[in-house]
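The file upload25.txt comes next; it holds compact mmCIF, C-alpha atoms.
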# COMPACT_ATOMS: atom_id res chain seq x y z
CA MET A 1 43.79 -32.25 3.25
CA GLY A 2 42.17 -30.09 0.59
CA PRO A 3 38.69 -28.66 0.76
CA ALA A 4 35.84 -31.05 0.21
CA ALA A 5 34.44 -31.12 -3.31
CA ALA A 6 31.21 -29.28 -3.81
CA SER A 7 28.21 -31.36 -4.74
CA PRO A 8 27.08 -31.17 -8.39
CA GLY A 9 25.28 -27.92 -9.16
CA THR A 10 26.58 -26.26 -6.00
CA GLU A 11 28.62 -23.09 -6.37
CA ARG A 12 31.48 -22.60 -3.93
CA TYR A 13 32.16 -19.14 -2.62
CA ARG A 14 34.60 -17.56 -0.19
CA VAL A 15 34.30 -14.85 2.45
CA VAL A 16 37.51 -12.81 2.50
CA ASP A 17 38.93 -10.68 5.31
CA PRO A 18 39.14 -7.20 3.73
CA GLY A 19 42.24 -6.36 5.78
CA THR A 20 44.41 -9.36 4.97
CA GLY A 21 42.75 -10.83 1.92
CA ALA A 22 42.72 -14.22 3.67
CA ALA A 23 39.74 -16.50 3.29
CA VAL A 24 37.93 -16.77 6.60
CA VAL A 25 35.03 -18.96 5.44
CA ASP A 26 34.84 -21.40 2.58
CA GLU A 27 31.22 -22.44 2.19
CA GLY A 28 30.06 -25.17 -0.13
CA ALA A 29 26.61 -23.71 -0.70
CA THR A 30 24.95 -21.24 -3.01
CA PRO A 31 23.95 -17.78 -1.76
CA ALA A 32 20.27 -17.27 -1.04
CA PRO A 33 18.28 -16.57 -4.21
CA ALA A 34 17.18 -13.02 -4.89
CA PRO A 35 13.65 -12.22 -3.67
CA ALA A 36 10.94 -12.79 -6.25
CA TYR A 37 8.25 -10.30 -7.18
CA ALA A 38 4.96 -10.73 -5.35
CA ALA A 39 1.68 -8.83 -5.39
CA THR A 40 -1.85 -9.02 -3.99
CA VAL A 41 -5.13 -7.34 -4.90
CA THR A 42 -7.99 -7.38 -2.37
CA PRO A 43 -11.22 -5.48 -1.72
CA ILE A 44 -11.33 -2.75 0.91
CA THR A 45 -12.08 -4.45 4.22
CA PRO A 46 -13.86 -2.70 7.10
CA GLU A 47 -10.53 -2.47 8.92
CA LEU A 48 -8.84 -0.84 5.92
CA ALA A 49 -11.82 1.48 5.43
CA ALA A 50 -11.33 2.68 9.00
CA ARG A 51 -7.66 3.28 8.29
CA MET A 52 -8.62 5.28 5.18
CA HIS A 53 -10.78 7.75 7.09
CA ALA A 54 -8.53 10.65 6.00
CA SER A 55 -8.40 9.82 2.26
CA TRP A 56 -12.00 8.69 1.73
CA ARG A 57 -15.32 10.05 3.02
CA PRO A 58 -18.96 10.03 1.94
CA GLY A 59 -19.35 12.25 -1.10
CA CYS A 60 -16.12 11.13 -2.76
CA PRO A 61 -16.66 10.28 -6.46
CA VAL A 62 -15.81 6.57 -6.06
CA PRO A 63 -17.39 4.23 -3.49
CA LEU A 64 -15.11 2.03 -1.43
CA GLU A 65 -16.43 -1.10 -3.13
CA ASP A 66 -14.94 0.15 -6.42
CA LEU A 67 -11.46 0.48 -4.91
CA ARG A 68 -8.82 -2.20 -4.34
CA TYR A 69 -5.93 -2.55 -1.91
CA VAL A 70 -2.77 -3.54 -3.78
CA THR A 71 0.54 -4.70 -2.34
CA VAL A 72 3.67 -5.12 -4.46
CA THR A 73 7.29 -5.87 -3.73
CA HIS A 74 9.73 -3.23 -4.90
CA HIS A 75 13.38 -2.25 -4.64
CA ASP A 76 14.09 0.55 -2.18
CA MET A 77 16.77 3.24 -2.36
CA ALA A 78 19.09 1.24 -0.08
CA GLY A 79 19.19 -1.78 -2.37
CA GLY A 80 16.71 -3.85 -0.38
CA VAL A 81 13.42 -5.42 -1.39
CA VAL A 82 10.34 -4.37 0.57
CA THR A 83 6.56 -4.57 0.26
CA GLY A 84 4.64 -1.43 -0.63
CA GLU A 85 0.93 -0.67 -0.61
CA LEU A 86 -1.48 1.35 -2.74
CA VAL A 87 -5.21 1.88 -3.12
CA VAL A 88 -6.44 2.18 -6.71
CA HIS A 89 -9.63 1.74 -8.74
CA ALA A 90 -10.59 -1.90 -9.30
CA ASP A 91 -10.45 -1.38 -13.06
CA VAL A 92 -6.71 -0.61 -13.05
CA ALA A 93 -5.45 -2.85 -10.24
CA ALA A 94 -4.41 -5.86 -12.34
CA GLY A 95 -2.59 -3.71 -14.88
CA LEU A 96 -0.78 -1.81 -12.15
CA VAL A 97 0.47 -5.09 -10.68
CA GLU A 98 2.08 -5.81 -14.05
CA VAL A 99 3.57 -2.32 -14.25
CA PHE A 100 5.33 -2.84 -10.93
CA ARG A 101 6.42 -6.32 -11.97
CA THR A 102 8.26 -4.69 -14.87
CA LEU A 103 9.80 -2.05 -12.60
CA PHE A 104 10.85 -4.73 -10.10
CA ASP A 105 12.51 -6.79 -12.82
CA ALA A 106 14.30 -3.66 -14.07
CA GLY A 107 15.57 -2.86 -10.57
CA PHE A 108 13.92 0.56 -10.51
CA PRO A 109 13.97 1.84 -6.90
CA ILE A 110 11.01 3.35 -5.07
CA ALA A 111 11.76 5.33 -1.93
CA SER A 112 8.48 4.64 -0.11
CA MET A 113 5.06 3.23 -0.95
CA ARG A 114 2.54 3.77 1.85
CA LEU A 115 -1.08 4.80 1.93
CA VAL A 116 -1.48 8.56 1.97
CA ASP A 117 -3.51 8.08 5.15
CA ASP A 118 -0.22 7.51 6.96
CA PHE A 119 0.32 11.23 6.29
CA GLY A 120 -3.20 12.32 7.24
CA ALA A 121 -4.04 12.36 3.50
CA ASP A 122 -1.87 15.50 3.29
CA ASP A 123 -0.40 15.45 -0.20
CA ASP A 124 2.39 17.88 0.70
CA ALA A 125 3.48 15.69 3.62
CA SER A 126 3.38 12.55 1.49
CA MET A 127 5.45 14.19 -1.25
CA ALA A 128 7.97 15.56 1.26
CA ALA A 129 8.47 11.98 2.49
CA ASP A 130 9.17 10.89 -1.11
CA ASN A 131 6.16 8.61 -0.86
CA THR A 132 4.64 6.92 -3.88
CA SER A 133 0.85 6.97 -3.51
CA ALA A 134 -2.32 6.63 -5.55
CA PHE A 135 -5.87 7.09 -4.22
CA ASN A 136 -6.62 10.28 -2.31
CA CYS A 137 -10.00 11.99 -2.46
CA ARG A 138 -8.78 15.57 -2.93
CA ALA A 139 -8.94 18.55 -5.25
CA VAL A 140 -6.61 18.87 -8.20
CA THR A 141 -3.40 20.77 -7.39
CA GLY A 142 -4.11 24.47 -7.66
CA GLY A 143 -7.82 23.97 -8.39
CA THR A 144 -11.17 22.94 -6.95
CA GLY A 145 -12.29 20.01 -9.11
CA TRP A 146 -11.62 16.39 -8.21
CA SER A 147 -8.09 15.17 -8.84
CA GLU A 148 -7.72 11.93 -10.79
CA HIS A 149 -6.36 10.54 -7.53
CA SER A 150 -9.93 10.85 -6.21
CA TYR A 151 -10.98 8.18 -8.70
CA GLY A 152 -8.06 5.85 -7.96
CA ARG A 153 -6.79 6.28 -11.51
CA ALA A 154 -3.61 8.26 -10.82
CA ILE A 155 -0.34 7.53 -9.05
CA ASP A 156 2.62 9.70 -8.05
CA VAL A 157 6.02 7.96 -8.20
CA ASN A 158 9.03 9.13 -6.15
CA PRO A 159 7.84 12.75 -5.77
CA VAL A 160 11.20 14.16 -4.65
CA GLU A 161 13.09 12.76 -7.64
CA ASN A 162 10.13 13.59 -9.91
CA PRO A 163 8.66 16.92 -8.79
CA TYR A 164 5.66 18.94 -9.92
CA VAL A 165 6.97 22.05 -11.68
CA ARG A 166 4.97 25.13 -12.67
CA GLY A 167 7.12 28.18 -13.37
CA THR A 168 9.23 28.73 -10.25
CA THR A 169 7.00 26.48 -8.12
CA VAL A 170 8.51 23.09 -7.32
CA LEU A 171 6.60 20.54 -5.24
CA PRO A 172 7.92 19.10 -3.06
CA PRO A 173 10.58 21.79 -2.52
CA ALA A 174 13.28 19.12 -2.15
CA GLY A 175 12.57 18.23 -5.77
CA ALA A 176 14.39 21.38 -6.90
CA ALA A 177 17.57 19.32 -7.12
CA PHE A 178 15.91 17.16 -9.80
CA VAL A 179 14.22 19.78 -11.99
CA GLY A 180 17.07 19.42 -14.50
CA ARG A 181 16.20 15.70 -14.81
CA PRO A 182 19.53 14.09 -13.92
CA VAL A 183 20.15 10.42 -14.49
CA ALA A 184 19.87 9.22 -10.89
CA PRO A 185 18.16 6.43 -8.91
CA GLY A 186 14.39 6.85 -8.83
CA VAL A 187 14.25 9.54 -11.54
CA VAL A 188 11.69 9.00 -14.31
CA LEU A 189 12.91 10.07 -17.76
CA ASP A 190 11.13 10.28 -21.08
CA GLY A 191 11.16 6.92 -22.86
CA ASP A 192 12.61 4.99 -19.92
CA VAL A 193 11.37 1.70 -18.51
CA VAL A 194 8.96 3.45 -16.14
CA VAL A 195 7.22 5.51 -18.82
CA GLN A 196 7.10 2.51 -21.13
CA ALA A 197 5.77 0.15 -18.47
CA PHE A 198 2.93 2.48 -17.55
CA ALA A 199 2.16 3.26 -21.20
CA ALA A 200 1.86 -0.46 -21.97
CA HIS A 201 -1.11 -0.58 -19.58
CA GLY A 202 -2.80 2.64 -20.65
CA TRP A 203 -1.22 5.14 -18.25
CA GLN A 204 -0.03 8.57 -19.42
CA TRP A 205 2.86 10.55 -17.93
CA GLY A 206 2.63 14.11 -16.57
CA GLY A 207 6.19 14.69 -17.73
CA HIS A 208 4.77 14.99 -21.24
CA TRP A 209 2.61 17.95 -20.28
CA THR A 210 3.60 21.45 -21.41
CA SER A 211 2.73 23.23 -18.15
CA PRO A 212 2.82 22.18 -15.44
CA LYS A 213 5.39 19.42 -15.74
CA ASP A 214 4.29 16.74 -13.28
CA TYR A 215 7.13 14.26 -13.48
CA GLN A 216 5.81 12.07 -10.66
CA HIS A 217 2.29 11.76 -12.07
CA PHE A 218 0.79 8.93 -14.10
CA SER A 219 -2.92 8.62 -14.87
CA THR A 220 -5.20 6.62 -17.12
CA THR A 221 -6.97 9.74 -18.41
CA GLY A 222 -4.01 12.01 -19.13
CA ARG A 223 -5.20 14.46 -16.47
Structure re-expressed in C-alpha cells:
Amino acid sequence: MGPAAASPGTERYRVVDPGTGAAVVDEGATPAPAPAYAATVTPITPELAARMHASWRPGCPVPLEDLRYVTVTHHDMAGGVVTGELVVHADVAAGLVEVFRTLFDAGFPIASMRLVDDFGADDDASMAADNTSAFNCRAVTGGTGWSEHSYGRAIDVNPVENPYVRGTTVLPPAGAAFVGRPVAPGVVLDGDVVVQAFAAHGWQWGGHWTSPKDYQHFSTTGR
C-alpha cells in the first residue's frame, strides 16, 4: 500500500537517515512556520528602574519618564530567533522598532542584546560580550562630556564585529580581527542594509567618521 495522499495545500516532507539515505519518517504535514518579528515599547516601570540603577542615576541628562523599554526579536549568531532588549529615548523608540524589523527581515544576526546594567553599566564589559546596547548614562569615550548614549539616542551594534578604532586603539580588543571590515555575519558595512535601515529613520553611522571610526555606533545626532 502506498503512502496516503497529502491533503490539499499540505506539503509532504521526508526525514532521511544520513548514513543510509533511507527515509525514516514520511510526514504529511508542513514544517512549523518561521518565527515572526515582534516588538514592544513600554515606559520604565519601578521594577525596571531598580534594575537600571547602574546605568541611570539622579543628575543624568534624561529623566526616566522620557525613556522607553523596547524589546525586539532578532536573529542570533547561531541561526536562532531570540528576544532582545534596549532602553532608548521615547522620541526614537518607534523608529527603532522599524529599524530592527528591517534587520530581522534581512536575516542580519545580532550576537546579544541585553541592558548594559547586566554588565554593571561597564561599557568595556558590554562590548567584550559583543552586546548590542543603547542607553547608558556615561561620559563620551575618551572625554568628559555626556555620551549620546546618556540621552538614549545612540546604539552600539555587535561591538566585536564592529569595533571602535582610533589609531592603534581597538575597542573591544577582540574587534581587531574585524578592523579590515571583512564580509562576515554581524559586520556592518557602508551602504548595507543596516546602514540604510538606520538612515531611513534618521540615524547616522560612526563608520562614516574620519577619526575615530566607530563602526558599532549609530546616533540620531551624528555624535
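Take atom CA of A:Pro63 and atom CA of A:Met127: the distance between them is 25.0 Å.
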*Distance atom CA of A:Val157-atom CA of A:Thr132, one decimal place?*
4.7 Å
Quick one: contact table of stretch 78-195 of chain A to stretch 204-216 of chain A, 9 Å max, nearest atom pair and distance in Å to one decimal per residue, counting only C-alpha atoms, chain and number order, as a tab-separated table?
residue	atom	partner	partner_atom	distance
A:Thr132	CA	A:Gln216	CA	8.6
A:Ile155	CA	A:Gln216	CA	7.8
A:Asp156	CA	A:Gln216	CA	4.8
A:Val157	CA	A:Gln216	CA	4.8
A:Asn158	CA	A:Gln216	CA	6.3
A:Pro159	CA	A:Gln216	CA	5.3
A:Val160	CA	A:Gln216	CA	8.3
A:Glu161	CA	A:Gln216	CA	7.9
A:Asn162	CA	A:Gln216	CA	4.6
A:Pro163	CA	A:Tyr215	CA	5.6
A:Tyr164	CA	A:Asp214	CA	4.2
A:Val165	CA	A:Lys213	CA	5.1
A:Arg166	CA	A:Pro212	CA	4.6
A:Gly167	CA	A:Pro212	CA	7.7
A:Val187	CA	A:Tyr215	CA	8.8
A:Val188	CA	A:Tyr215	CA	7.0
A:Leu189	CA	A:Gly207	CA	8.2
A:Asp190	CA	A:Gly207	CA	7.4
A:Val195	CA	A:Trp205	CA	6.7
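For the atom pair formed by atom CA of A:Gly79 and atom CA of A:Asp192, the distance is 19.9 Å, given to one decimal.
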*Around the point (-3.5, 19.5, 4.0) in the file's coordinates, collect all residues with an atom within 12 Å, using all atoms listed in the file, and return them as a ChimeraX atom specification.*
/A:54-55,116-117,119-127,136-139,141
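Every protein or nucleic acid residue with an atom no more than 10 Å from A:Ala94, counting all atoms listed in the file and leaving out same-chain residues fewer than 6 positions away, appears here: Ala39, Thr40, Val41, Arg68, Val70 and His201 of chain A.
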Output C-alpha atoms for every residue in the selection just made, as a CSV table (one decimal), keeping the file's coordinate frame.
chain,number,residue,atom,x,y,z
A,39,ALA,CA,1.7,-8.8,-5.4
A,40,THR,CA,-1.8,-9.0,-4.0
A,41,VAL,CA,-5.1,-7.3,-4.9
A,68,ARG,CA,-8.8,-2.2,-4.3
A,70,VAL,CA,-2.8,-3.5,-3.8
A,201,HIS,CA,-1.1,-0.6,-19.6
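Between A:Phe108 and the residues A:Asp76, A:Ala38, A:Gly84, A:Arg181, the shortest atom-to-atom distance, using all atoms listed in the file, involves A:Asp76.
Minimum atom-to-atom distances from A:Thr169, A:Gln196, A:Ser133, A:Leu96 to A:Ser150 were compared using only C-alpha atoms, and the lowest value belongs to A:Ser133.
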*Quick one: residues within 12 Å of A:Val92, all atoms listed in the file counted, chain neighbours fewer than 5 positions away excluded, as a PyMOL selection string?*
chain A and resi 41+66-70+86-87+97-99+134-135+151-155+198+201-203+219-221
Spatial neighbours of A:Phe100, 8 Å, all atoms listed in the file, chain gap at least 4 places, as an mmCIF file with C-alpha atoms, in the coordinates of the input:
data_model
loop_
_atom_site.group_PDB
_atom_site.id
_atom_site.type_symbol
_atom_site.label_atom_id
_atom_site.label_comp_id
_atom_site.auth_asym_id
_atom_site.auth_seq_id
_atom_site.Cartn_x
_atom_site.Cartn_y
_atom_site.Cartn_z
ATOM 1 C CA VAL A 72 3.670 -5.120 -4.460
ATOM 2 C CA HIS A 74 9.730 -3.230 -4.900
ATOM 3 C CA LEU A 96 -0.780 -1.810 -12.150
ATOM 4 C CA PHE A 104 10.850 -4.730 -10.100
#
Quick one: 3 Å padding each side, axis-aligned, all listed atoms of stretch 174-193 of chain A - centre and edge lengths in Å to one decimal, as AutoDock Vina command-line options?
--center_x 15.6 --center_y 11.5 --center_z -12.5 --size_x 15.0 --size_y 25.7 --size_z 26.7
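A distance cut-off of 12 Å around (9.1, -4.0, 4.4), counting all atoms listed in the file, selects these protein and nucleic acid residues: Thr71, Val72, Thr73, His74, His75, Asp76, Gly80, Val81, Val82, Thr83, Gly84, Glu85, Ala111, Ser112, Met113 and Arg114 of chain A.
Nearest residue to A:His53 among A:Val193, A:Leu115, A:Ala176, A:Ala129 is A:Leu115, counting only C-alpha atoms.
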